[in-house]
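Here is the file model-v5.cif (mmCIF, C-alpha atoms).
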data_input
#
loop_
_atom_site.label_atom_id
_atom_site.label_comp_id
_atom_site.auth_asym_id
_atom_site.auth_seq_id
_atom_site.Cartn_x
_atom_site.Cartn_y
_atom_site.Cartn_z
CA MET A 1 11.59 -9.48 -7.80
CA LEU A 2 8.88 -6.87 -7.38
CA ALA A 3 5.68 -8.12 -9.03
CA LYS A 4 3.41 -6.16 -11.35
CA ARG A 5 0.11 -5.48 -9.62
CA ILE A 6 -3.44 -6.13 -10.82
CA ILE A 7 -5.96 -3.81 -9.18
CA PRO A 8 -9.75 -4.09 -9.43
CA CYS A 9 -11.46 -0.74 -8.83
CA LEU A 10 -14.85 -0.41 -7.14
CA ASP A 11 -17.05 2.67 -7.41
CA ILE A 12 -19.00 3.28 -4.24
CA LYS A 13 -22.18 5.27 -3.68
CA ASP A 14 -23.99 5.27 -0.35
CA SER A 15 -21.74 2.41 0.79
CA ARG A 16 -22.78 0.21 -2.13
CA THR A 17 -20.92 -0.73 -5.29
CA VAL A 18 -22.35 1.19 -8.19
CA LYS A 19 -21.59 -0.58 -11.41
CA GLY A 20 -23.43 -3.84 -11.65
CA VAL A 21 -21.40 -6.87 -10.89
CA ASN A 22 -21.97 -10.27 -12.29
CA PHE A 23 -20.77 -12.98 -9.97
CA VAL A 24 -23.14 -15.82 -9.45
CA ASP A 25 -21.41 -16.95 -6.30
CA LEU A 26 -21.84 -13.68 -4.42
CA VAL A 27 -24.83 -13.40 -2.15
CA ASP A 28 -24.86 -9.63 -2.40
CA ALA A 29 -22.77 -8.24 -5.24
CA GLY A 30 -23.63 -4.70 -4.18
CA ASP A 31 -21.83 -5.17 -0.90
CA PRO A 32 -18.33 -3.72 -1.29
CA VAL A 33 -17.00 -5.76 1.61
CA GLU A 34 -18.14 -9.04 0.11
CA LEU A 35 -16.83 -8.09 -3.29
CA ALA A 36 -13.51 -7.00 -1.77
CA ARG A 37 -13.18 -10.31 -0.01
CA TYR A 38 -13.97 -12.15 -3.23
CA TYR A 39 -11.28 -10.25 -5.12
CA SER A 40 -8.66 -10.61 -2.41
CA GLU A 41 -9.24 -14.36 -2.25
CA ASN A 42 -9.03 -14.65 -6.02
CA GLY A 43 -5.67 -13.02 -6.55
CA ALA A 44 -6.15 -9.24 -6.59
CA ASP A 45 -2.93 -7.57 -5.47
CA GLU A 46 -4.63 -4.45 -4.23
CA LEU A 47 -8.04 -2.78 -4.37
CA VAL A 48 -9.19 0.77 -5.06
CA PHE A 49 -12.46 2.16 -3.71
CA LEU A 50 -13.72 5.39 -5.21
CA ASP A 51 -16.46 7.22 -3.38
CA ILE A 52 -18.38 8.83 -6.22
CA THR A 53 -20.85 10.72 -4.06
CA ALA A 54 -18.33 12.25 -1.71
CA THR A 55 -20.45 14.87 -0.03
CA LYS A 56 -19.40 15.89 3.42
CA GLU A 57 -21.86 13.68 5.23
CA ASP A 58 -20.88 10.69 3.10
CA ARG A 59 -17.28 11.01 4.19
CA LYS A 60 -18.11 9.55 7.59
CA THR A 61 -19.96 6.65 6.02
CA PHE A 62 -17.03 6.06 3.72
CA ALA A 63 -14.62 5.95 6.66
CA LYS A 64 -16.89 3.39 8.31
CA LEU A 65 -16.78 1.36 5.13
CA ALA A 66 -12.97 1.58 5.04
CA ASP A 67 -12.94 0.24 8.57
CA GLU A 68 -15.24 -2.63 7.59
CA ILE A 69 -13.04 -3.46 4.58
CA SER A 70 -9.93 -3.41 6.73
CA LYS A 71 -11.57 -5.84 9.15
CA ASN A 72 -12.34 -8.28 6.40
CA ILE A 73 -9.54 -8.29 3.85
CA ASN A 74 -5.83 -8.95 4.14
CA ILE A 75 -4.46 -7.09 1.11
CA PRO A 76 -3.76 -3.37 0.72
CA PHE A 77 -6.42 -0.93 -0.45
CA THR A 78 -6.64 2.67 -1.58
CA VAL A 79 -9.59 4.98 -1.08
CA GLY A 80 -10.43 8.10 -3.02
CA GLY A 81 -13.14 10.53 -3.96
CA GLY A 82 -13.77 14.01 -2.65
CA ILE A 83 -10.79 14.17 -0.30
CA LYS A 84 -10.09 17.82 0.55
CA THR A 85 -8.53 18.06 3.99
CA VAL A 86 -5.75 16.58 6.09
CA GLU A 87 -8.48 15.46 8.44
CA ASP A 88 -10.28 13.50 5.69
CA VAL A 89 -7.04 11.61 5.06
CA ASP A 90 -6.32 11.08 8.74
CA ILE A 91 -9.72 9.46 9.31
CA LEU A 92 -9.42 7.19 6.27
CA LEU A 93 -5.91 6.03 7.15
CA LYS A 94 -6.91 5.45 10.75
CA SER A 95 -9.83 3.39 9.47
CA GLY A 96 -7.33 1.03 7.87
CA ALA A 97 -6.89 2.35 4.33
CA ASP A 98 -3.29 2.02 3.14
CA LYS A 99 -3.32 4.85 0.64
CA VAL A 100 -5.55 7.72 -0.37
CA SER A 101 -6.09 8.93 -3.89
CA ILE A 102 -6.59 12.60 -4.69
CA ASN A 103 -7.48 14.08 -8.05
CA SER A 104 -9.30 17.32 -8.97
CA TYR A 105 -8.69 18.98 -5.63
CA ALA A 106 -4.93 18.54 -6.05
CA VAL A 107 -5.05 20.20 -9.47
CA LYS A 108 -6.76 23.24 -7.98
CA ASN A 109 -4.66 23.18 -4.80
CA PRO A 110 -1.28 21.64 -5.60
CA ASP A 111 0.08 22.51 -2.14
CA PHE A 112 -2.33 19.94 -0.77
CA ILE A 113 -0.01 17.21 -2.10
CA ASN A 114 2.92 18.65 -0.13
CA GLU A 115 0.75 18.98 2.94
CA LEU A 116 -0.34 15.34 2.80
CA ALA A 117 3.18 14.08 2.09
CA THR A 118 4.51 15.99 5.10
CA ASN A 119 1.78 14.72 7.38
CA PHE A 120 1.52 11.10 6.29
CA GLY A 121 4.56 10.30 4.14
CA THR A 122 4.71 10.02 0.36
CA GLN A 123 4.04 6.28 0.42
CA CYS A 124 0.33 6.69 1.08
CA ILE A 125 -0.39 9.51 -1.38
CA VAL A 126 -1.68 8.48 -4.79
CA VAL A 127 -2.33 11.31 -7.23
CA ALA A 128 -4.89 10.31 -9.84
CA ILE A 129 -4.59 12.08 -13.17
CA ASP A 130 -7.26 12.00 -15.87
CA ALA A 131 -6.07 13.18 -19.28
CA LYS A 132 -7.12 13.40 -22.91
CA TYR A 133 -5.13 13.80 -26.10
CA VAL A 134 -6.22 17.07 -27.72
CA ASP A 135 -4.42 19.25 -30.31
CA ASN A 136 -1.34 17.05 -30.37
CA ASP A 137 -0.80 16.95 -26.64
CA TRP A 138 -2.11 15.34 -23.48
CA PHE A 139 -4.10 17.67 -21.21
CA VAL A 140 -5.29 17.14 -17.64
CA TYR A 141 -9.07 16.93 -17.19
CA LEU A 142 -11.13 17.43 -14.06
CA VAL A 143 -14.41 16.13 -12.64
CA GLY A 144 -14.17 12.67 -14.12
CA GLY A 145 -13.01 13.91 -17.49
CA ARG A 146 -15.68 16.57 -18.01
CA VAL A 147 -13.65 19.76 -17.57
CA LYS A 148 -10.53 20.49 -19.59
CA THR A 149 -7.60 22.36 -18.06
CA GLU A 150 -4.64 23.96 -19.79
CA ILE A 151 -2.26 21.82 -17.74
CA ARG A 152 -0.15 19.40 -19.73
CA LEU A 153 -0.11 15.83 -18.46
CA PHE A 154 3.65 15.35 -18.41
CA ASP A 155 4.31 18.69 -16.68
CA TRP A 156 1.71 17.89 -14.05
CA ALA A 157 3.04 14.36 -13.51
CA LYS A 158 6.52 15.73 -12.83
CA GLU A 159 5.11 18.39 -10.52
CA VAL A 160 3.09 15.92 -8.42
CA GLU A 161 6.18 13.76 -8.03
CA ASP A 162 8.22 16.76 -6.90
CA ARG A 163 5.49 17.74 -4.47
CA GLY A 164 5.50 14.33 -2.78
CA ALA A 165 3.11 11.96 -4.56
CA GLY A 166 4.13 8.37 -3.89
CA GLU A 167 2.35 6.98 -6.89
CA ILE A 168 0.49 8.14 -10.01
CA LEU A 169 -2.80 6.63 -11.17
CA PHE A 170 -3.11 7.66 -14.79
CA THR A 171 -6.42 7.31 -16.63
CA SER A 172 -6.65 8.08 -20.31
CA MET A 173 -10.15 9.45 -20.90
CA ASP A 174 -9.69 8.54 -24.57
CA HIS A 175 -9.29 4.89 -23.69
CA ASP A 176 -11.51 4.58 -20.62
CA GLY A 177 -14.57 2.45 -21.36
CA THR A 178 -13.45 1.53 -24.88
CA LYS A 179 -12.00 -1.87 -23.99
CA ASN A 180 -9.48 -1.33 -26.78
CA GLY A 181 -6.38 -1.36 -24.62
CA PHE A 182 -4.43 1.02 -22.38
CA ALA A 183 -2.81 4.28 -23.53
CA CYS A 184 0.54 2.54 -23.88
CA GLN A 185 2.46 5.35 -25.59
CA ALA A 186 1.47 7.98 -23.04
CA LEU A 187 2.19 5.54 -20.22
CA GLU A 188 5.60 4.74 -21.62
CA LYS A 189 6.49 8.42 -21.78
CA LEU A 190 5.12 8.95 -18.29
CA SER A 191 7.34 6.19 -16.94
CA GLN A 192 10.37 7.92 -18.44
CA ILE A 193 9.45 11.26 -16.87
CA VAL A 194 8.72 10.28 -13.28
CA ASN A 195 10.54 7.98 -10.88
CA ILE A 196 7.58 6.82 -8.80
CA PRO A 197 5.28 3.86 -9.41
CA ILE A 198 2.62 4.26 -12.11
CA ILE A 199 -0.79 2.59 -12.19
CA ALA A 200 -2.29 2.35 -15.69
CA SER A 201 -6.04 2.78 -15.98
CA GLY A 202 -8.58 2.99 -18.77
CA GLY A 203 -9.08 0.70 -21.74
CA ALA A 204 -8.66 -2.84 -20.44
CA GLY A 205 -10.79 -5.19 -22.49
CA LYS A 206 -8.86 -8.41 -22.75
CA ILE A 207 -5.89 -10.17 -21.24
CA GLU A 208 -3.63 -9.14 -24.11
CA HIS A 209 -4.07 -5.47 -23.12
CA PHE A 210 -2.49 -6.10 -19.73
CA ASN A 211 0.34 -7.91 -21.42
CA GLU A 212 0.87 -4.95 -23.77
CA VAL A 213 0.90 -2.35 -21.03
CA PHE A 214 3.44 -4.20 -18.90
CA LYS A 215 5.70 -4.81 -21.90
CA SER A 216 5.51 -1.31 -23.37
CA GLY A 217 6.86 0.81 -20.54
CA ASN A 218 7.99 0.63 -16.96
CA ILE A 219 4.45 0.38 -15.60
CA ASP A 220 3.96 -1.02 -12.12
CA ALA A 221 0.29 -1.82 -11.93
CA ALA A 222 -2.84 -2.02 -14.06
CA LEU A 223 -6.29 -1.08 -12.83
CA ALA A 224 -9.64 -2.08 -14.30
CA ALA A 225 -13.26 -2.25 -13.23
CA SER A 226 -15.91 -3.68 -15.51
CA VAL A 227 -13.86 -6.48 -17.07
CA PHE A 228 -13.45 -7.88 -13.58
CA HIS A 229 -16.91 -7.02 -12.26
CA PHE A 230 -18.63 -8.66 -15.23
CA ASN A 231 -16.28 -11.60 -15.07
CA GLU A 232 -15.10 -10.99 -18.63
CA ILE A 233 -11.58 -11.54 -17.35
CA ARG A 234 -10.94 -13.85 -14.42
CA LEU A 235 -8.10 -12.66 -12.23
CA LYS A 236 -6.59 -16.11 -12.08
CA ASP A 237 -6.57 -16.54 -15.88
CA LEU A 238 -5.12 -13.07 -16.32
CA LYS A 239 -2.32 -13.57 -13.84
CA THR A 240 -1.43 -17.04 -15.13
CA GLU A 241 -1.27 -15.73 -18.68
CA LEU A 242 0.93 -12.78 -17.69
CA LYS A 243 3.24 -15.07 -15.78
CA ASN A 244 3.50 -17.34 -18.83
CA ASN A 245 4.59 -14.24 -20.73
CA ASN A 246 7.46 -13.75 -18.28
CA ILE A 247 5.93 -10.80 -16.49
CA PRO A 248 6.69 -10.92 -12.76
CA ILE A 249 3.35 -11.74 -11.17
CA ARG A 250 2.27 -13.02 -7.79
CA LEU A 251 0.18 -16.16 -8.21
CA MET J 1 -2.28 -14.43 25.73
CA ARG J 2 -1.99 -10.68 25.95
CA ILE J 3 -0.73 -8.90 22.87
CA ALA J 4 0.02 -5.19 22.98
CA ILE J 5 0.20 -3.12 19.81
CA ILE J 6 2.19 0.01 20.53
CA ASP J 7 0.04 3.02 19.72
CA TYR J 8 2.15 6.13 19.25
CA GLY J 9 0.12 7.90 16.61
CA ALA J 10 2.16 6.57 13.71
CA GLY J 11 0.50 4.74 10.91
CA ASN J 12 -1.89 1.98 10.34
CA THR J 13 -2.30 0.26 13.70
CA GLN J 14 -5.92 -0.70 13.12
CA SER J 15 -5.00 -3.11 10.30
CA VAL J 16 -2.64 -5.01 12.59
CA LYS J 17 -5.32 -5.30 15.23
CA TYR J 18 -7.83 -6.61 12.69
CA ALA J 19 -5.32 -9.10 11.26
CA LEU J 20 -4.75 -10.51 14.75
CA LYS J 21 -8.49 -10.65 15.25
CA ARG J 22 -8.84 -12.72 12.06
CA LEU J 23 -6.34 -15.13 13.63
CA GLY J 24 -8.53 -15.32 16.70
CA CYS J 25 -6.25 -13.19 18.88
CA ASN J 26 -7.39 -10.22 20.83
CA SER J 27 -4.93 -7.39 21.21
CA VAL J 28 -4.85 -3.99 22.78
CA LEU J 29 -3.74 -0.77 21.13
CA THR J 30 -1.90 1.10 23.81
CA SER J 31 0.82 3.57 24.70
CA ASP J 32 0.62 2.68 28.38
CA LYS J 33 4.05 1.54 29.55
CA GLU J 34 2.69 -0.78 32.24
CA VAL J 35 0.35 -2.51 29.81
CA ILE J 36 3.10 -2.89 27.20
CA SER J 37 5.64 -4.21 29.72
CA SER J 38 3.26 -6.78 31.13
CA SER J 39 2.08 -8.15 27.78
CA ASP J 40 3.18 -11.57 26.50
CA LYS J 41 3.96 -10.23 23.03
CA VAL J 42 4.45 -6.74 21.71
CA ILE J 43 3.92 -5.49 18.18
CA PHE J 44 5.60 -2.26 17.19
CA PRO J 45 3.97 -1.12 13.94
CA GLY J 46 4.55 2.05 12.02
CA VAL J 47 3.91 3.78 8.76
CA GLY J 48 5.19 7.26 8.30
CA GLN J 49 8.30 9.34 8.67
CA ALA J 50 11.19 8.39 10.99
CA THR J 51 11.82 11.77 12.64
CA SER J 52 8.21 12.43 13.56
CA ALA J 53 7.74 8.82 14.67
CA MET J 54 10.77 9.06 17.02
CA ARG J 55 9.44 12.36 18.33
CA LYS J 56 6.11 10.72 19.11
CA LEU J 57 7.82 7.79 20.85
CA LYS J 58 9.90 10.18 22.95
CA SER J 59 6.90 12.25 23.96
CA LYS J 60 5.42 9.10 25.52
CA GLY J 61 8.72 7.83 26.98
CA LEU J 62 8.47 4.76 24.73
CA ASP J 63 11.93 5.29 23.23
CA LEU J 64 13.39 4.23 26.58
CA LEU J 65 10.92 1.44 27.21
CA ILE J 66 11.08 -0.50 23.92
CA PRO J 67 14.80 -1.46 24.02
CA GLN J 68 14.28 -2.72 27.60
CA LEU J 69 11.41 -5.05 26.76
CA LYS J 70 12.07 -8.71 27.57
CA GLN J 71 9.16 -10.42 25.80
CA PRO J 72 9.05 -11.09 22.02
CA VAL J 73 8.73 -7.82 20.11
CA LEU J 74 7.83 -7.60 16.42
CA GLY J 75 8.60 -4.35 14.61
CA ILE J 76 6.75 -3.89 11.34
CA CYS J 77 7.95 -1.63 8.48
CA LEU J 78 8.94 1.68 10.09
CA GLY J 79 8.83 -0.16 13.42
CA MET J 80 11.65 -2.40 12.20
CA GLN J 81 13.64 0.56 10.90
CA LEU J 82 13.27 2.46 14.17
CA MET J 83 14.86 -0.46 16.02
CA CYS J 84 18.14 0.32 14.20
CA ASN J 85 20.82 2.87 15.17
CA PHE J 86 20.09 5.69 12.80
CA SER J 87 17.93 6.44 9.78
CA GLU J 88 18.91 8.53 6.79
CA GLU J 89 15.25 9.59 6.74
CA GLY J 90 15.51 13.01 8.34
CA ASN J 91 18.92 11.95 9.80
CA THR J 92 17.19 10.47 12.79
CA ASP J 93 18.69 8.76 15.83
CA CYS J 94 16.67 5.64 16.51
CA LEU J 95 16.36 2.97 19.22
CA LYS J 96 19.76 1.31 18.70
CA ILE J 97 18.64 -2.28 19.18
CA PHE J 98 20.18 -3.38 15.87
CA ASP J 99 23.61 -2.05 15.04
CA SER J 100 22.81 -0.74 11.58
CA ASN J 101 21.90 2.39 9.73
CA VAL J 102 18.77 2.68 7.62
CA LYS J 103 19.50 3.86 4.08
CA ARG J 104 17.50 5.33 1.24
CA PHE J 105 17.02 3.35 -1.96
CA ASN J 106 19.14 4.52 -4.84
CA ASN J 107 17.49 7.08 -7.11
CA SER J 108 17.94 4.89 -10.15
CA LEU J 109 15.00 2.90 -8.74
CA LYS J 110 11.41 3.97 -8.39
CA VAL J 111 11.08 5.16 -4.83
CA PRO J 112 9.04 4.24 -2.82
CA GLN J 113 9.04 0.55 -3.58
CA ILE J 114 5.34 -0.31 -3.57
CA GLY J 115 3.97 -3.79 -4.05
CA TRP J 116 4.57 -7.49 -3.65
CA ASN J 117 8.15 -8.69 -3.59
CA THR J 118 9.69 -12.05 -2.81
CA ILE J 119 11.43 -12.95 0.44
CA PHE J 120 14.21 -15.54 0.50
CA ASP J 121 17.02 -17.06 2.62
CA LEU J 122 14.38 -17.56 5.28
CA LYS J 123 15.55 -18.40 8.78
CA THR J 124 13.93 -18.96 12.19
CA SER J 125 10.49 -20.21 13.15
CA LEU J 126 8.95 -16.92 12.02
CA PHE J 127 8.89 -18.45 8.54
CA ASP J 128 7.60 -21.91 9.45
CA SER J 129 5.48 -23.23 6.55
CA ILE J 130 6.46 -20.26 4.37
CA ASN J 131 8.16 -21.19 1.11
CA GLU J 132 11.30 -19.55 -0.19
CA ASN J 133 10.42 -16.73 -2.62
CA GLU J 134 6.97 -16.20 -1.19
CA TYR J 135 5.50 -12.79 -2.03
CA MET J 136 4.92 -10.22 0.72
CA TYR J 137 3.56 -6.66 0.50
CA LEU J 138 6.05 -3.82 0.97
CA VAL J 139 5.84 -0.04 0.91
CA HIS J 140 9.05 1.78 1.71
CA SER J 141 11.70 4.24 0.55
CA TYR J 142 14.35 3.30 3.11
CA TYR J 143 15.87 -0.11 3.84
CA VAL J 144 18.04 -2.00 6.32
CA PRO J 145 21.17 -3.35 4.59
CA ILE J 146 22.18 -7.00 4.91
CA LEU J 147 23.07 -7.65 8.56
CA LYS J 148 24.32 -10.73 10.37
CA HIS J 149 20.93 -10.59 12.09
CA ALA J 150 19.06 -10.89 8.79
CA VAL J 151 16.56 -13.76 8.80
CA ALA J 152 15.03 -12.95 5.39
CA ILE J 153 16.25 -11.07 2.34
CA SER J 154 14.47 -9.18 -0.46
CA ASN J 155 15.90 -7.62 -3.57
CA TYR J 156 15.10 -4.18 -4.94
CA GLY J 157 18.09 -3.10 -6.98
CA ILE J 158 20.19 -4.61 -4.20
CA ASN J 159 19.70 -7.33 -1.63
CA TYR J 160 18.57 -5.97 1.74
CA SER J 161 17.30 -7.29 5.08
CA THR J 162 13.56 -7.80 4.85
CA ALA J 163 13.48 -9.45 8.29
CA ILE J 164 15.93 -9.24 11.19
CA LYS J 165 16.12 -10.94 14.56
CA LYS J 166 18.24 -10.40 17.65
CA ASN J 167 17.35 -11.97 21.00
CA ASN J 168 13.68 -11.14 21.66
CA PHE J 169 13.51 -8.48 18.94
CA THR J 170 12.27 -9.28 15.44
CA GLY J 171 11.67 -6.82 12.63
CA VAL J 172 9.94 -7.29 9.29
CA GLN J 173 10.06 -4.73 6.52
CA PHE J 174 7.01 -6.21 4.79
CA HIS J 175 3.47 -5.87 6.10
CA PRO J 176 2.33 -9.30 7.32
CA GLU J 177 -1.10 -7.80 8.05
CA LYS J 178 -1.50 -6.87 4.36
CA SER J 179 0.24 -9.83 2.72
CA GLY J 180 -2.70 -12.17 2.31
CA SER J 181 -2.85 -15.57 3.96
CA LYS J 182 0.95 -16.03 3.90
CA GLY J 183 1.41 -12.77 5.78
CA GLU J 184 -1.11 -13.89 8.35
CA LEU J 185 0.92 -17.06 8.75
CA VAL J 186 3.99 -14.97 9.67
CA LEU J 187 1.94 -13.18 12.33
CA LYS J 188 0.67 -16.51 13.56
CA ASN J 189 4.22 -17.87 13.79
CA PHE J 190 5.24 -14.83 15.80
CA ILE J 191 2.35 -15.35 18.19
CA ASN J 192 2.75 -19.10 18.56
CA ASN J 193 6.54 -19.43 18.80
#

Structure translated into structure tokens:
Amino acid sequence: MLAKRIIPCLDIKDSRTVKGVNFVDLVDAGDPVELARYYSENGADELVFLDITATKEDRKTFAKLADEISKNINIPFTVGGGIKTVEDVDILLKSGADKVSINSYAVKNPDFINELATNFGTQCIVVAIDAKYVDNDWFVYLVGGRVKTEIRLFDWAKEVEDRGAGEILFTSMDHDGTKNGFACQALEKLSQIVNIPIIASGGAGKIEHFNEVFKSGNIDAALAASVFHFNEIRLKDLKTELKNNNIPIRL
Amino acid sequence: MRIAIIDYGAGNTQSVKYALKRLGCNSVLTSDKEVISSSDKVIFPGVGQATSAMRKLKSKGLDLLIPQLKQPVLGICLGMQLMCNFSEEGNTDCLKIFDSNVKRFNNSLKVPQIGWNTIFDLKTSLFDSINENEYMYLVHSYYVPILKHAVAISNYGINYSTAIKKNNFTGVQFHPEKSGSKGELVLKNFINN
């Protein structure tokens, strides 16, 4: 049976992890490669690396980092941040990344999704969607949740699927950082609308939240950052607990 | 030992090379027919779309070479699918090593299947020291149905062949290079047996 995935997410700036991490047993917690290895050895099913600088010059450094990660870890990983061209994607995939994640640029240039799907196959295209609940509906936001669009979340989700996204990474800006749980209702509706895997993001604070999100809708994976980085939730404890709750999990 | 990884411009070949390196094996990424033919083991990887992958193989003459290879060959993911007769992906004629068509998952399922799934009914030395129902990482929209050559099964809506073997040709639908230490063990078994 296909297992639900647990995905730690690392923000990267100048080839270093940005948010502080709190693992006593890491020599250099700012080193994404070391942190990636730590997570892969401790039960992460997949990793996401987001390049939050993403200027043109940084793209090359990021590709080098992807190569370094690929050398050192034996689980799949996704890279994202500032991807704008077929060439960007080509370099990252050739460096060993399994999937790329695109966000704002796809909203402004939806054809880009088709272009990537045609060139690389849908299986490696993750479309990240940030949304907020405003005036009784969910709207897509850009630039890390700072700029509102008039695009409705569920319309956009359907469109990205039709255009060739292989997976949707949905972040509720209302829940992100609150540690009060995932946007379960929106996620449930999303899973009824599209027929591709969905990664839930934003709001994880305790183990129970992961349990909730996997029980509420047909959600395939849950992503979190700080709860893992600050060791508030240990991957092993989380996965054991989920398994005890009859959620299919790889231990 | 000389291990050739067939480089035909499809997919994530670098990861396979690095996985072998972690096992202490050097390998060469190549599309050179001489180098491939004279290697002790050949890995035929692939991520991408069947039609364009076959086109790339043909442009290098590799579509004729691969079925003639005599040494152990391991097809991974699309590599395994391309060793079959025909793929529903782009209605593509493939290498015809395994007498089977490659089908698309039913639309009642989420397609592609992405993630860790179990493998069972394990046969052959490829799975030495691997337990039944071990998890492996898979990413695919198309599958090889159950064949008499199946040496491992997975289930996604239906049971399908997640590994196949015929003479010197082996195919795995999962990615051993991305399936943690157990995946590396499958690669190791391929290299050592």

Point to revise | Nearby residues (only C-alpha atoms) at most 9 Å from Gly205 in chain A, same-chain spacing under 2 positions excluded, as a PyMOL selection string | key: chain A and resi 177-182+203+207-210+224+226-227+232-233

Check your understanding: Applied to this file, what does the PyMOL selection byres ((chain J) within 7 of (chain A)) return in terms of residues, put as a PyMOL selection string?
Key -> chain J and resi 12+14-15+18+48-49+110-112+115-118+135+139-140+155-156+177-180

**Study point:** Expected selection from the PyMOL selection byres ((chain J and resi 150) around 7), given as a list of chain:residue names
**Key:**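 Answer for the PyMOL selection byres ((chain J and resi 150) around 7): J:Ile146, J:Leu147, J:Lys148, J:His149, J:Val151, J:Ala152, J:Ser161, J:Ala163, J:Ile164, J:Lys165.
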
Practice item. Find the residues near range 63-75 of chain J: any atom within 9 Å, counting only C-alpha atoms, skip ones fewer than 6 places away on the same chain, and give them as an NGL selection string. Key: :J and (33 or 36-46 or 54-57 or 81-83 or 94-97 or 167-173 or 190-191)

Exercise for review: Enter the distance from CA of Glu88 in chain J to CA of Lys103 in chain J, in Å, rounded to one decimal.
Suggested key: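 These atoms are spaced 5.4 Å apart.
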
**Study point:** Result set of the PyMOL selection byres ((chain A and resi 104) around 9) on the coordinates above, as a ChimeraX atom specification
**Key:** /A:82,102-103,105-109,128-130,141-144

Exercise for review: Take the point (-3.0, 11.1, -20.8) in the file's coordinates, draw a sphere of radius 7 Å around it, and report as a list of chain:residue names every protein, DNA or RNA residue with an atom inside or on it, counting only C-alpha atoms.
Suggested key: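 Taken together, the residues in range are A:Asp130, A:Ala131, A:Lys132, A:Tyr133, A:Trp138, A:Phe139, A:Leu153, A:Phe170, A:Thr171, A:Ser172, A:Ala186.
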
Review point. Mind pulling up the distance from CA of Ala53 in chain J to CA of Val144 in chain J?
Key: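 Taking CA of Val144 in chain J and CA of Ala53 in chain J, their separation equals 17.1 Å.
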
Exercise for review: Have a look at J:Val102, J:Tyr143, J:Glu184, J:Asn192 and name the one nearest to Arg22 in chain J; count only C-alpha atoms.
Suggested key: J:Glu184

**Study point:** Between CA of Ile199 in chain A and CA of Lys99 in chain A, distance in Å (one decimal)
**Key:** 13.3 Å
